[in-house]
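S.K.: Would you mind keeping the following structure in view while I ask a few things?
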Amino acid sequence: MEAMLQNLSAKYPLVTRLYSVGKSVEGREIYVLEITDFPGQHEPGEPEFKYVGNMHGNEVVGREMLLNLIRYFLENYGKNDRITKLIETTRIHIMPSMNPDGYELANEGDSDGYVGRNNVNKVDLNRNFPDRFDYKFAQLPDTDPRKSRRENLIQEPETMVMMQWILSYPFVLSANLHGGSLVANYPYDDTEDWLRTYSKTPDDEVFRSLSQTYSNAHKTMWSGNPCSDSNDEHFSGGITNGAEWYIVSGGMQDYNYEHSNCFEITLELGCNKYPFARDIGIYWDANKEALIKFIEQVHVGVKGFIVDENNNAVSGAKIYVDSVEHPVHSADNGDYWRLLIPGMYSISVHSPGHENQSTKVIVKRDSSTSLNFTLRTLSSELEAMKYHLPVSGNIDSYKLSIINAETLSSFSMENIDMVDYESFENLHHLTVSNQPGAADDMKIHIALVGSLIGHSGNEVLFKLARHLTLGMRLKYQNVIKILQNAVIHFIFIPQSESLGSCMDVGDKSEDELAAELKSLYSLLQSRHFDLGIGFGSREIGLKFPTTEKAIYKSLKQIFNESDSGIDGSVNCGASIVDTRTKQSDIFTTMGLVSLSLFCCNEPELKTLASTYTKYEKHLLDILELSSQGISGQVLDGEGKALRDAEVSIKLADGRTEIVRICLNSGNFIHMLPAGSYVLKIFSNGFLEKNVQVEVVNQSLREVTVSLQLDSNVKETTNSMSMLKHPYDHFYYPRMTFREFHNKNPELLEYYDVDVQKNSGEVLGLRVGKRTWRKVGIVFDGSTISPTNLTSWLRTYFSNVAENSVKPQVQYEFLLKDGNDTTGGLSLSTVFNWISAHHFPLVFDIICNSPLTTEEQTYFLNEVGRMDKMVAENILSMLARAKHHQEEMNYGSSCETCAHKVNPGISRQLTNLWSSSGTLVFPVSMTCVDGDHSMEDVQIIHTLKHINELLENLHGIQGFVTSSMHEPLPNAKLTFGGNDNETVAWTDSFGHFEKPLLLASEVLVKVSAPGYLSASKVVSVTSGPYQKIHFIMEKDDSVLGIPRMAFVALAATTFLGIIVVFSMCVVICRRRRALNSGSNNYGFFQMNNAIIFEDEEEQLFSVQQDRVIGEPYFPLQQLSRPYIAR
């Protein structure tokens, strides 16, 4: 290869330059052949491209393709218009072999082996570059196997020369050629939790387009079916996101994107890593067009020059595109290139010392759009006023910030994923962190207190808080580093809403000020702060408490080694009007460092802004001290944390500082200036140990200390028994949930479920809108601290704010209010909770082995046929998720932390299904003993897997209401029929849902007491859940007869009974009269029983109390009326 490159370079000297970027471990040159019309120089406006092959020495297809491409370019220059144009408009760099040592070890015909893959130091060069998540390794205990497998702690010679090469040229586009599969792979290659999932860059659409360009131009890559012996591997369109395929930490394509302007993808060119020479022609035929087409993509997007008003090139300017959080930088000649897909964009340019400029541009397909910028140079005064980040409130020097509960709460809502707000008595407490609310005892806590008198301190703090939040969003590395290692507490003292005069001491009474000081003291005492700084006024300088801390030395250095003007305490020269304004003395008495930046209590607004700009870097440097010092853990001989250990540091001046032990994890962390120190570690029952450590600037020195048992002590209390429970120091989640509820009442609600004897309170937590699909999640036993939910909750609410929640699911959690007590959730509590809410699905998160094959088989045989098919699908998805988790090898196995094992409801699946129709699935977590940062990762990842599982389910959901639109709870719905049937019930809101497999038609029947049954035929499709609404008509029938008909029938029947009864009475009486044989006549005594119309003419005959209606004399025989005497 070397001879070939030298010969070609000598043969075509006008368009080539052969150079070496450095040497391999064994001293072989790593060659690059440059091909362009003016080799050896960067032509202003001409983009630079690179191809890299043979990074893995045994993957030689890329090496051979690049050698063929070089020969093809040179032989066709001046003959082929396309190739000629490409060479004359592009500076092309081709590196055939990045790993020449490995290539020498590889063997021809070795299709899938590993000989020669790594360099001679046995390091995989594609795992050896600095990675954006390297800080996560520092947080792992030394016993974690992922830490020992890390391959980028020290960069290899090949990696070092590549890093230097990447940063030395203004590369725009690149590809790294590999073998072993057939796919175009694009960034990112890793994730923060090292779990396989899609990991987008801010330029994800651009990377997909670039990858698809190569795949479509390749003869077969586009089909997505790479290798015959990997039938389970399929890539849609022949492209894949790196992290979705598999995780690579320390990869080269991510390094290119994160540290330079270069967009790099990785090309897998074939399933045979080292084919025989006779087959190279086949590979060349398949890749030739794609290799050329990909280089042409360097000319797609926006390009131009950035100059000032004097036409001087502006290098290092940042070019932003809309809201994409990845700027590119202009080169030495002021030229820039920004790869973009077709569309309309807003392009803005930021450069120190120049006025920012923005404009809109339309990018067309397969062409570049020229866009030049002329920036106006700012005067020194304007530059001093210009804030580093585009925050209007920080730039505006004529507006006073309104700092009260309303504005701070609003600020917290706008930055919910970073900011917490609480009102502490009569103070305002703002907390900024990358994971607010989560367990943060392994972070440095820094308290910044606003001024007691005047607005100056509050203004400085609020500007700094805005800087941190926006810096995180724009991915400023210094801000990311600060919030990874520290929690910043901003404490604001209430002030008036108007600005007073310079020496104004405000209108606070002595009692008001005393109350504020009392609240401040209570707040400082209620939390642990590693460093506290009060921002005063009326003098310029630093003052320290009488109790000296080692880190104060670093504070002095920050100001003394610069032109800050703060090198002690400067008296401002004016008499102090009120003794209350001597704020520095008050702060130092409380144990705070006093930092005074203003002579005035109420400086002018312009002075506030310019002073903040002047000291902004110093303030950030102070916060960056959070990543300087020591961190580690004290272990016993079995590798268990000694949470009762005592750690102290002996300083150079003989003093000793006590190091705080984190009760959650048993780890410790402590801020220190650079220097040598001796750690003294002690624990009851163990031998004392001294450890020498060296602390360097901007670095946390990791120290893991193992103590040996003291043989002179007969009995040693187990380190785990030193606490009443291993989670003795967890924060209670109720307070955090209350805060979330106050901010998002429609999206979060918590409620009391039960109080278990000797086991604390049980909470229910609803997250999501009530109209969304519903799933139950049980934190069974002591598996995971419920406080780990807070990180997930903040991400969830951020996604809701951005309308990116998919699918729309209402999560109902059942959990303990903290884990400070023994025992888990009782079975009856869980049963009652599930039955009351009518969940279609419940996931039981436990630290235990998953269901055995026998248990799964028994469960699946017991449930109905339709539910069985759904259950099999879900169990399969959970098994795949568990496999991904095991690939990452989280912490301990469950056997090593038996205190967390609690099978709970996960062995009662059949009973739960038969009693409630709910399908319950155990989600087995890996037990992480003491490492709560990893618990945080696990719970987030587990909920993410559950969310993805729900997104892939299909089914039916809807409401059952009356005709008056009243929800009908406890309505029964039946899906399917005959022997293929399953049921569901509506909840208190009349809502129901049922996961089902895809089906053309499903019969759904609903019944509710007092209502007529109804039914519908619904199709279950592959999209979202099908939504239906049953409007139920009241069942007014009686005994199956319509109500009106029943009333008429009942009335008729009743009247008939009355008539029949009356007739019976009359008939009976007449019969009795006719059957009488007596002729005893006499007068009848009148009563209310019988009344006659003519009493004077009617005669009666009375015989045996019977009335006979017969006259005494026959009427026809009377000649005159009879007159009674």
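Following the order of the structure tokens, first chain is A, next is B, and so on, with residues numbered from 1 inside each chain and ligands from 1 in the order they appear.
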Just asking: which residues within stretch 167-222 of chain A are strand (DSSP E) according to DSSP, as a ChimeraX atom specification?

M.R.: /A:171-178,181-186

S.K.: Near A:Ser209, within 10 Å and counting only C-alpha atoms, which residues show up once chain neighbours fewer than 3 positions away are dropped, as a PyMOL selection string?

M.R.: chain A and resi 186+204-206+212-215+239+297+340-341

S.K.: For the residues selected in the previous step, produce a file with N, CA and C atoms as a PDB file, in the first residue's frame.

M.R.:
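Output file out00.pdb follows:
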```pdb
ATOM      1  N   TYR A 186     -25.334   5.939  11.567  1.00  0.00           N
ATOM      2  CA  TYR A 186     -25.134   7.361  11.869  1.00  0.00           C
ATOM      3  C   TYR A 186     -25.250   7.617  13.369  1.00  0.00           C
ATOM      4  N   ASP A 204     -30.293  15.034  13.401  1.00  0.00           N
ATOM      5  CA  ASP A 204     -30.697  13.673  13.057  1.00  0.00           C
ATOM      6  C   ASP A 204     -31.206  13.573  11.615  1.00  0.00           C
ATOM      7  N   GLU A 205     -31.992  14.541  11.153  1.00  0.00           N
ATOM      8  CA  GLU A 205     -32.534  14.469   9.797  1.00  0.00           C
ATOM      9  C   GLU A 205     -31.420  14.558   8.750  1.00  0.00           C
ATOM     10  N   VAL A 206     -30.419  15.373   9.031  1.00  0.00           N
ATOM     11  CA  VAL A 206     -29.290  15.480   8.101  1.00  0.00           C
ATOM     12  C   VAL A 206     -28.536  14.154   8.029  1.00  0.00           C
ATOM     13  N   GLN A 212     -28.853   7.648   3.952  1.00  0.00           N
ATOM     14  CA  GLN A 212     -29.725   7.110   2.914  1.00  0.00           C
ATOM     15  C   GLN A 212     -29.151   7.332   1.520  1.00  0.00           C
ATOM     16  N   THR A 213     -28.423   8.432   1.355  1.00  0.00           N
ATOM     17  CA  THR A 213     -27.777   8.700   0.062  1.00  0.00           C
ATOM     18  C   THR A 213     -26.810   7.585  -0.294  1.00  0.00           C
ATOM     19  N   TYR A 214     -25.966   7.197   0.658  1.00  0.00           N
ATOM     20  CA  TYR A 214     -25.018   6.118   0.376  1.00  0.00           C
ATOM     21  C   TYR A 214     -25.745   4.801   0.143  1.00  0.00           C
ATOM     22  N   SER A 215     -26.702   4.498   1.012  1.00  0.00           N
ATOM     23  CA  SER A 215     -27.407   3.223   0.910  1.00  0.00           C
ATOM     24  C   SER A 215     -28.140   3.089  -0.420  1.00  0.00           C
ATOM     25  N   ILE A 239     -30.160   1.662   6.560  1.00  0.00           N
ATOM     26  CA  ILE A 239     -29.494   2.602   7.471  1.00  0.00           C
ATOM     27  C   ILE A 239     -29.930   2.289   8.901  1.00  0.00           C
ATOM     28  N   GLN A 297     -22.120  15.019  -1.414  1.00  0.00           N
ATOM     29  CA  GLN A 297     -23.009  15.591  -0.405  1.00  0.00           C
ATOM     30  C   GLN A 297     -22.340  16.705   0.403  1.00  0.00           C
ATOM     31  N   LEU A 340     -27.305  20.777   5.355  1.00  0.00           N
ATOM     32  CA  LEU A 340     -28.731  20.854   5.651  1.00  0.00           C
ATOM     33  C   LEU A 340     -29.515  20.116   4.579  1.00  0.00           C
ATOM     34  N   ILE A 341     -30.674  19.626   4.956  1.00  0.00           N
ATOM     35  CA  ILE A 341     -31.582  19.039   3.975  1.00  0.00           C
ATOM     36  C   ILE A 341     -32.443  20.161   3.406  1.00  0.00           C
TER      37      ILE A 341
END
```

S.K.: Contacts of A:Leu555 at 10 Å or less, counting only C-alpha atoms, minus same-chain residues fewer than 3 places along, as a ChimeraX atom specification?

M.R.: /A:542,550-552,558-560,593,618-619,621-622,625,673

S.K.: I need the residues in stretch 52-289 of chain A that are helix (DSSP H, G or I) according to DSSP; give them as a ChimeraX atom specification.

M.R.: /A:61-76,81-89,100-105,125-127,134-138,145-149,157-168,204-217,221-223,236-238,242-245,252-259,277-289

S.K.: Considering only C-alpha atoms, state which residue in the set A:Glu854, A:Glu34, A:Glu422, A:Asp987 is at the smallest distance from A:His837.

M.R.: A:Asp987
